[in-house]
Amino acid sequence: MSRTAELSRKTRETDIQIKLDLDGTGKGQISTGIGFFDHLLDAFTKHCAIDLQVKVKGDLHIDGHHTVEDTGIVLGQVFEKALGTAKGITRYGNAFCPLDEALARTVVDISGRGFFHYDCSLEPKMVGDFDGELFSEFLRAFAINAKITLHVSLLYGTNQHHAFESMIKATARALRMALEADNRLTDIPSTKGVLL
């Protein structure tokens, strides 16, 4: 059964098209107008082993907030759509990912309930053209709209670029684990029989 979906969303602030294949091979075509955000989404695509096309035109003359948050919203919605019933998935995933001095941990539950916890002690700052405070906004928007429980922590690190990249890679790896087929439990992975 194909786990693919695509969605478009146009507002007065952003125009977004996203196409997703959850059973891809890490191929991405990303264009958001924010270089470091593209870099993060490329890393997410590669390490989650999905195929992802993202095209965003946002009101960057104001700032990057609408572009980043709205991309998270639409990516979450297309993720939920592609997942379908979630029958036969592992459901839970976790990963630790280092990048030089930074070490991140992510734990995910594809639960049907959107929840996000973020633990990062670094004071957000600009990384290239990306406002660091938007990193958690993106992950929150994604988790809530994908209806997953997502816990992301930077355990330690000092370089903001390394910190964000280690956290996005840990998130991708945890999701990849959760999305994998469970060969022993082939129905909906819940005692309720549904994810909610």
# chains A, B, ... in the order shown; residues from 1 in each chain; ligands from 1
$ residues_around --residues "region 62-65 of chain A" --least-positions-apart "6" --cutoff "12 Å" --atoms "only C-alpha atoms" --output "list in words"
Glu13, Thr14, Thr32, Gly33, Ile34, Gly35, Phe36, Phe37, Val56, Thr71, Gly72, Met126, Gly128, Asp129, Phe130, Asp131, Gly132, Glu133, Leu134, Phe135, Ser136, Glu137, Phe138 and Ala141 of chain A
$ residues_around --residues "Leu40 (chain A)" --least-positions-apart "3" --cutoff "9 Å" --atoms "only C-alpha atoms" --output "count of residues only"
10
$ residues_around --residues "region 102-112 of chain A" --least-positions-apart "2" --cutoff "6 Å" --atoms "only C-alpha atoms" --output "PyMOL selection string"
chain A and resi 91-100+147-157+162-163+166-167+170-171+195-196
$ atom_distance --atom1 "CA of Thr4 (chain A)" --atom2 "CA of Leu22 (chain A)"
6.3 Å
$ closest_residue --among "A:Ile144, A:Phe116, A:Ile89, A:Arg173" --to "Leu185 (chain A)" --atoms "only C-alpha atoms"
A:Ile89
$ atom_distance --atom1 "CA of Gly84 (chain A)" --atom2 "CA of Ala172 (chain A)"
19.0 Å
$ select_by_dssp --residues "region 73-138 of chain A" --states "helix (DSSP H, G or I)" --output "ChimeraX atom specification"
/A:73-83,134-138
$ closest_residue --among "A:Leu41, A:Ala49, A:Leu139, A:Val74" --to "Gly24 (chain A)" --atoms "only C-alpha atoms"
A:Ala49
$ residues_around --residues "Asp23 (chain A)" --least-positions-apart "6" --cutoff "10 Å" --atoms "only C-alpha atoms" --output "list in words"
Ser2, Arg3, Thr4, Cys48, Ala49, Ile50, Asp51, Ala82, Arg176, Leu179 and Glu180 of chain A
$ residues_around --residues "Lys87 (chain A)" --least-positions-apart "2" --cutoff "7 Å" --atoms "only C-alpha atoms" --output "PDB file with N, CA and C atoms, in the first residue's frame"
ATOM      1  N   THR A  85      -3.881   4.674   7.956  1.00  0.00           N
ATOM      2  CA  THR A  85      -4.354   4.088   9.216  1.00  0.00           C
ATOM      3  C   THR A  85      -3.226   3.768  10.180  1.00  0.00           C
ATOM      4  N   ILE A  89       2.743  -0.437  11.556  1.00  0.00           N
ATOM      5  CA  ILE A  89       3.979   0.303  11.827  1.00  0.00           C
ATOM      6  C   ILE A  89       4.523  -0.032  13.214  1.00  0.00           C
ATOM      7  N   THR A 186       0.952  -6.818  13.039  1.00  0.00           N
ATOM      8  CA  THR A 186       0.621  -6.290  11.718  1.00  0.00           C
ATOM      9  C   THR A 186      -0.672  -5.474  11.669  1.00  0.00           C
ATOM     10  N   ASP A 187      -1.330  -5.306  12.831  1.00  0.00           N
ATOM     11  CA  ASP A 187      -2.554  -4.514  12.839  1.00  0.00           C
ATOM     12  C   ASP A 187      -2.232  -3.112  13.345  1.00  0.00           C
ATOM     13  N   ILE A 188      -3.243  -2.375  13.783  1.00  0.00           N
ATOM     14  CA  ILE A 188      -3.024  -1.048  14.362  1.00  0.00           C
ATOM     15  C   ILE A 188      -2.271  -1.228  15.671  1.00  0.00           C
ATOM     16  N   PRO A 189      -1.154  -0.553  15.870  1.00  0.00           N
ATOM     17  CA  PRO A 189      -0.338  -0.768  17.073  1.00  0.00           C
ATOM     18  C   PRO A 189      -0.886  -0.041  18.309  1.00  0.00           C
TER      19      PRO A 189
END
$ select_by_dssp --residues "region 23-157 of chain A" --states "strand (DSSP E)" --output "JSON, numbers by chain"
{"A": [28, 29, 30, 31, 51, 52, 53, 54, 55, 56, 57, 58, 92, 93, 94, 95, 96, 97, 98, 99, 102, 103, 104, 105, 106, 107, 108, 109, 115, 116, 117, 118, 119, 126, 127, 130, 131, 149, 150, 151, 152, 153, 154, 155, 156]}
$ atom_distance --atom1 "CA of Asp15 (chain A)" --atom2 "CA of Lys27 (chain A)"
22.1 Å
$ closest_residue --among "A:Lys10, A:Lys55, A:Lys125, A:Arg184" --to "His161 (chain A)" --atoms "only C-alpha atoms"
A:Lys125
$ residues_around --residues "Arg12 (chain A)" --least-positions-apart "5" --cutoff "12 Å" --atoms "only C-alpha atoms" --output "ChimeraX atom specification"
/A:57-59,66-67,70
$ decode --residues "region 138-184 of chain A" --atoms "N, CA and C atoms" --output "PDB file, in the first residue's frame"
ATOM      1  N   PHE A 138       8.928  25.301  14.063  1.00  0.00           N
ATOM      2  CA  PHE A 138       8.750  24.335  12.972  1.00  0.00           C
ATOM      3  C   PHE A 138       8.400  22.955  13.521  1.00  0.00           C
ATOM      4  N   LEU A 139       9.176  22.485  14.492  1.00  0.00           N
ATOM      5  CA  LEU A 139       8.929  21.150  15.044  1.00  0.00           C
ATOM      6  C   LEU A 139       7.569  21.063  15.728  1.00  0.00           C
ATOM      7  N   ARG A 140       7.186  22.119  16.439  1.00  0.00           N
ATOM      8  CA  ARG A 140       5.872  22.131  17.096  1.00  0.00           C
ATOM      9  C   ARG A 140       4.751  22.050  16.060  1.00  0.00           C
ATOM     10  N   ALA A 141       4.839  22.865  15.019  1.00  0.00           N
ATOM     11  CA  ALA A 141       3.809  22.865  13.983  1.00  0.00           C
ATOM     12  C   ALA A 141       3.729  21.501  13.302  1.00  0.00           C
ATOM     13  N   PHE A 142       4.885  20.908  13.040  1.00  0.00           N
ATOM     14  CA  PHE A 142       4.910  19.584  12.423  1.00  0.00           C
ATOM     15  C   PHE A 142       4.264  18.537  13.326  1.00  0.00           C
ATOM     16  N   ALA A 143       4.670  18.480  14.596  1.00  0.00           N
ATOM     17  CA  ALA A 143       4.165  17.452  15.516  1.00  0.00           C
ATOM     18  C   ALA A 143       2.663  17.562  15.716  1.00  0.00           C
ATOM     19  N   ILE A 144       2.175  18.771  15.923  1.00  0.00           N
ATOM     20  CA  ILE A 144       0.739  18.960  16.180  1.00  0.00           C
ATOM     21  C   ILE A 144      -0.081  18.555  14.960  1.00  0.00           C
ATOM     22  N   ASN A 145       0.372  18.948  13.770  1.00  0.00           N
ATOM     23  CA  ASN A 145      -0.397  18.663  12.563  1.00  0.00           C
ATOM     24  C   ASN A 145      -0.208  17.240  12.056  1.00  0.00           C
ATOM     25  N   ALA A 146       0.924  16.618  12.368  1.00  0.00           N
ATOM     26  CA  ALA A 146       1.111  15.204  12.036  1.00  0.00           C
ATOM     27  C   ALA A 146       0.413  14.299  13.037  1.00  0.00           C
ATOM     28  N   LYS A 147      -0.008  14.875  14.164  1.00  0.00           N
ATOM     29  CA  LYS A 147      -0.653  14.142  15.253  1.00  0.00           C
ATOM     30  C   LYS A 147       0.269  13.068  15.824  1.00  0.00           C
ATOM     31  N   ILE A 148       1.506  13.506  16.111  1.00  0.00           N
ATOM     32  CA  ILE A 148       2.477  12.631  16.746  1.00  0.00           C
ATOM     33  C   ILE A 148       2.939  13.252  18.057  1.00  0.00           C
ATOM     34  N   THR A 149       3.431  12.417  18.948  1.00  0.00           N
ATOM     35  CA  THR A 149       4.063  12.887  20.177  1.00  0.00           C
ATOM     36  C   THR A 149       5.558  12.949  19.908  1.00  0.00           C
ATOM     37  N   LEU A 150       6.145  14.137  20.125  1.00  0.00           N
ATOM     38  CA  LEU A 150       7.533  14.362  19.753  1.00  0.00           C
ATOM     39  C   LEU A 150       8.280  15.043  20.894  1.00  0.00           C
ATOM     40  N   HIS A 151       9.320  14.383  21.377  1.00  0.00           N
ATOM     41  CA  HIS A 151      10.178  14.937  22.429  1.00  0.00           C
ATOM     42  C   HIS A 151      11.576  15.105  21.835  1.00  0.00           C
ATOM     43  N   VAL A 152      12.060  16.343  21.793  1.00  0.00           N
ATOM     44  CA  VAL A 152      13.359  16.654  21.204  1.00  0.00           C
ATOM     45  C   VAL A 152      14.210  17.374  22.242  1.00  0.00           C
ATOM     46  N   SER A 153      15.414  16.866  22.463  1.00  0.00           N
ATOM     47  CA  SER A 153      16.307  17.459  23.468  1.00  0.00           C
ATOM     48  C   SER A 153      17.712  17.603  22.908  1.00  0.00           C
ATOM     49  N   LEU A 154      18.308  18.759  23.174  1.00  0.00           N
ATOM     50  CA  LEU A 154      19.740  18.913  22.975  1.00  0.00           C
ATOM     51  C   LEU A 154      20.384  18.583  24.313  1.00  0.00           C
ATOM     52  N   LEU A 155      21.112  17.484  24.370  1.00  0.00           N
ATOM     53  CA  LEU A 155      21.717  17.072  25.635  1.00  0.00           C
ATOM     54  C   LEU A 155      22.886  17.971  25.996  1.00  0.00           C
ATOM     55  N   TYR A 156      23.673  18.351  24.984  1.00  0.00           N
ATOM     56  CA  TYR A 156      24.711  19.361  25.169  1.00  0.00           C
ATOM     57  C   TYR A 156      25.216  19.795  23.804  1.00  0.00           C
ATOM     58  N   GLY A 157      25.905  20.935  23.803  1.00  0.00           N
ATOM     59  CA  GLY A 157      26.449  21.486  22.576  1.00  0.00           C
ATOM     60  C   GLY A 157      26.584  22.991  22.703  1.00  0.00           C
ATOM     61  N   THR A 158      27.444  23.571  21.895  1.00  0.00           N
ATOM     62  CA  THR A 158      27.672  25.012  21.956  1.00  0.00           C
ATOM     63  C   THR A 158      27.475  25.708  20.618  1.00  0.00           C
ATOM     64  N   ASN A 159      27.654  24.993  19.527  1.00  0.00           N
ATOM     65  CA  ASN A 159      27.521  25.576  18.200  1.00  0.00           C
ATOM     66  C   ASN A 159      26.080  25.421  17.728  1.00  0.00           C
ATOM     67  N   GLN A 160      25.433  26.556  17.429  1.00  0.00           N
ATOM     68  CA  GLN A 160      24.012  26.533  17.076  1.00  0.00           C
ATOM     69  C   GLN A 160      23.752  25.700  15.810  1.00  0.00           C
ATOM     70  N   HIS A 161      24.580  25.841  14.805  1.00  0.00           N
ATOM     71  CA  HIS A 161      24.433  25.060  13.569  1.00  0.00           C
ATOM     72  C   HIS A 161      24.474  23.563  13.894  1.00  0.00           C
ATOM     73  N   HIS A 162      25.465  23.160  14.657  1.00  0.00           N
ATOM     74  CA  HIS A 162      25.595  21.751  15.029  1.00  0.00           C
ATOM     75  C   HIS A 162      24.397  21.277  15.854  1.00  0.00           C
ATOM     76  N   ALA A 163      23.935  22.124  16.757  1.00  0.00           N
ATOM     77  CA  ALA A 163      22.811  21.762  17.632  1.00  0.00           C
ATOM     78  C   ALA A 163      21.548  21.493  16.816  1.00  0.00           C
ATOM     79  N   PHE A 164      21.200  22.426  15.927  1.00  0.00           N
ATOM     80  CA  PHE A 164      19.985  22.253  15.130  1.00  0.00           C
ATOM     81  C   PHE A 164      20.096  21.045  14.206  1.00  0.00           C
ATOM     82  N   GLU A 165      21.260  20.874  13.624  1.00  0.00           N
ATOM     83  CA  GLU A 165      21.425  19.753  12.702  1.00  0.00           C
ATOM     84  C   GLU A 165      21.380  18.421  13.441  1.00  0.00           C
ATOM     85  N   SER A 166      21.968  18.341  14.612  1.00  0.00           N
ATOM     86  CA  SER A 166      21.904  17.084  15.365  1.00  0.00           C
ATOM     87  C   SER A 166      20.468  16.786  15.798  1.00  0.00           C
ATOM     88  N   MET A 167      19.706  17.820  16.172  1.00  0.00           N
ATOM     89  CA  MET A 167      18.312  17.602  16.588  1.00  0.00           C
ATOM     90  C   MET A 167      17.431  17.189  15.420  1.00  0.00           C
ATOM     91  N   ILE A 168      17.628  17.787  14.228  1.00  0.00           N
ATOM     92  CA  ILE A 168      16.784  17.405  13.094  1.00  0.00           C
ATOM     93  C   ILE A 168      17.125  15.995  12.618  1.00  0.00           C
ATOM     94  N   LYS A 169      18.410  15.622  12.695  1.00  0.00           N
ATOM     95  CA  LYS A 169      18.798  14.263  12.306  1.00  0.00           C
ATOM     96  C   LYS A 169      18.260  13.231  13.300  1.00  0.00           C
ATOM     97  N   ALA A 170      18.298  13.551  14.586  1.00  0.00           N
ATOM     98  CA  ALA A 170      17.741  12.640  15.588  1.00  0.00           C
ATOM     99  C   ALA A 170      16.241  12.479  15.387  1.00  0.00           C
ATOM    100  N   THR A 171      15.560  13.574  15.059  1.00  0.00           N
ATOM    101  CA  THR A 171      14.119  13.515  14.793  1.00  0.00           C
ATOM    102  C   THR A 171      13.838  12.639  13.580  1.00  0.00           C
ATOM    103  N   ALA A 172      14.619  12.810  12.527  1.00  0.00           N
ATOM    104  CA  ALA A 172      14.445  12.012  11.314  1.00  0.00           C
ATOM    105  C   ALA A 172      14.682  10.529  11.585  1.00  0.00           C
ATOM    106  N   ARG A 173      15.735  10.221  12.312  1.00  0.00           N
ATOM    107  CA  ARG A 173      16.064   8.821  12.605  1.00  0.00           C
ATOM    108  C   ARG A 173      15.015   8.162  13.502  1.00  0.00           C
ATOM    109  N   ALA A 174      14.508   8.906  14.473  1.00  0.00           N
ATOM    110  CA  ALA A 174      13.458   8.371  15.343  1.00  0.00           C
ATOM    111  C   ALA A 174      12.183   8.109  14.547  1.00  0.00           C
ATOM    112  N   LEU A 175      11.820   9.033  13.660  1.00  0.00           N
ATOM    113  CA  LEU A 175      10.634   8.839  12.822  1.00  0.00           C
ATOM    114  C   LEU A 175      10.818   7.659  11.874  1.00  0.00           C
ATOM    115  N   ARG A 176      12.010   7.534  11.330  1.00  0.00           N
ATOM    116  CA  ARG A 176      12.286   6.407  10.434  1.00  0.00           C
ATOM    117  C   ARG A 176      12.053   5.083  11.152  1.00  0.00           C
ATOM    118  N   MET A 177      12.509   4.983  12.389  1.00  0.00           N
ATOM    119  CA  MET A 177      12.304   3.775  13.180  1.00  0.00           C
ATOM    120  C   MET A 177      10.808   3.533  13.429  1.00  0.00           C
ATOM    121  N   ALA A 178      10.094   4.588  13.788  1.00  0.00           N
ATOM    122  CA  ALA A 178       8.666   4.457  14.113  1.00  0.00           C
ATOM    123  C   ALA A 178       7.830   4.089  12.895  1.00  0.00           C
ATOM    124  N   LEU A 179       8.256   4.517  11.716  1.00  0.00           N
ATOM    125  CA  LEU A 179       7.508   4.268  10.482  1.00  0.00           C
ATOM    126  C   LEU A 179       7.736   2.870   9.913  1.00  0.00           C
ATOM    127  N   GLU A 180       8.785   2.185  10.369  1.00  0.00           N
ATOM    128  CA  GLU A 180       9.106   0.865   9.839  1.00  0.00           C
ATOM    129  C   GLU A 180       8.004  -0.147  10.139  1.00  0.00           C
ATOM    130  N   ALA A 181       7.891  -1.122   9.280  1.00  0.00           N
ATOM    131  CA  ALA A 181       6.907  -2.193   9.473  1.00  0.00           C
ATOM    132  C   ALA A 181       7.303  -3.063  10.659  1.00  0.00           C
ATOM    133  N   ASP A 182       6.312  -3.448  11.448  1.00  0.00           N
ATOM    134  CA  ASP A 182       6.501  -4.397  12.548  1.00  0.00           C
ATOM    135  C   ASP A 182       5.991  -5.750  12.054  1.00  0.00           C
ATOM    136  N   ASN A 183       6.897  -6.663  11.805  1.00  0.00           N
ATOM    137  CA  ASN A 183       6.518  -7.950  11.213  1.00  0.00           C
ATOM    138  C   ASN A 183       5.772  -8.868  12.175  1.00  0.00           C
ATOM    139  N   ARG A 184       5.789  -8.554  13.463  1.00  0.00           N
ATOM    140  CA  ARG A 184       5.101  -9.401  14.446  1.00  0.00           C
ATOM    141  C   ARG A 184       3.716  -8.864  14.796  1.00  0.00           C
TER     142      ARG A 184
END
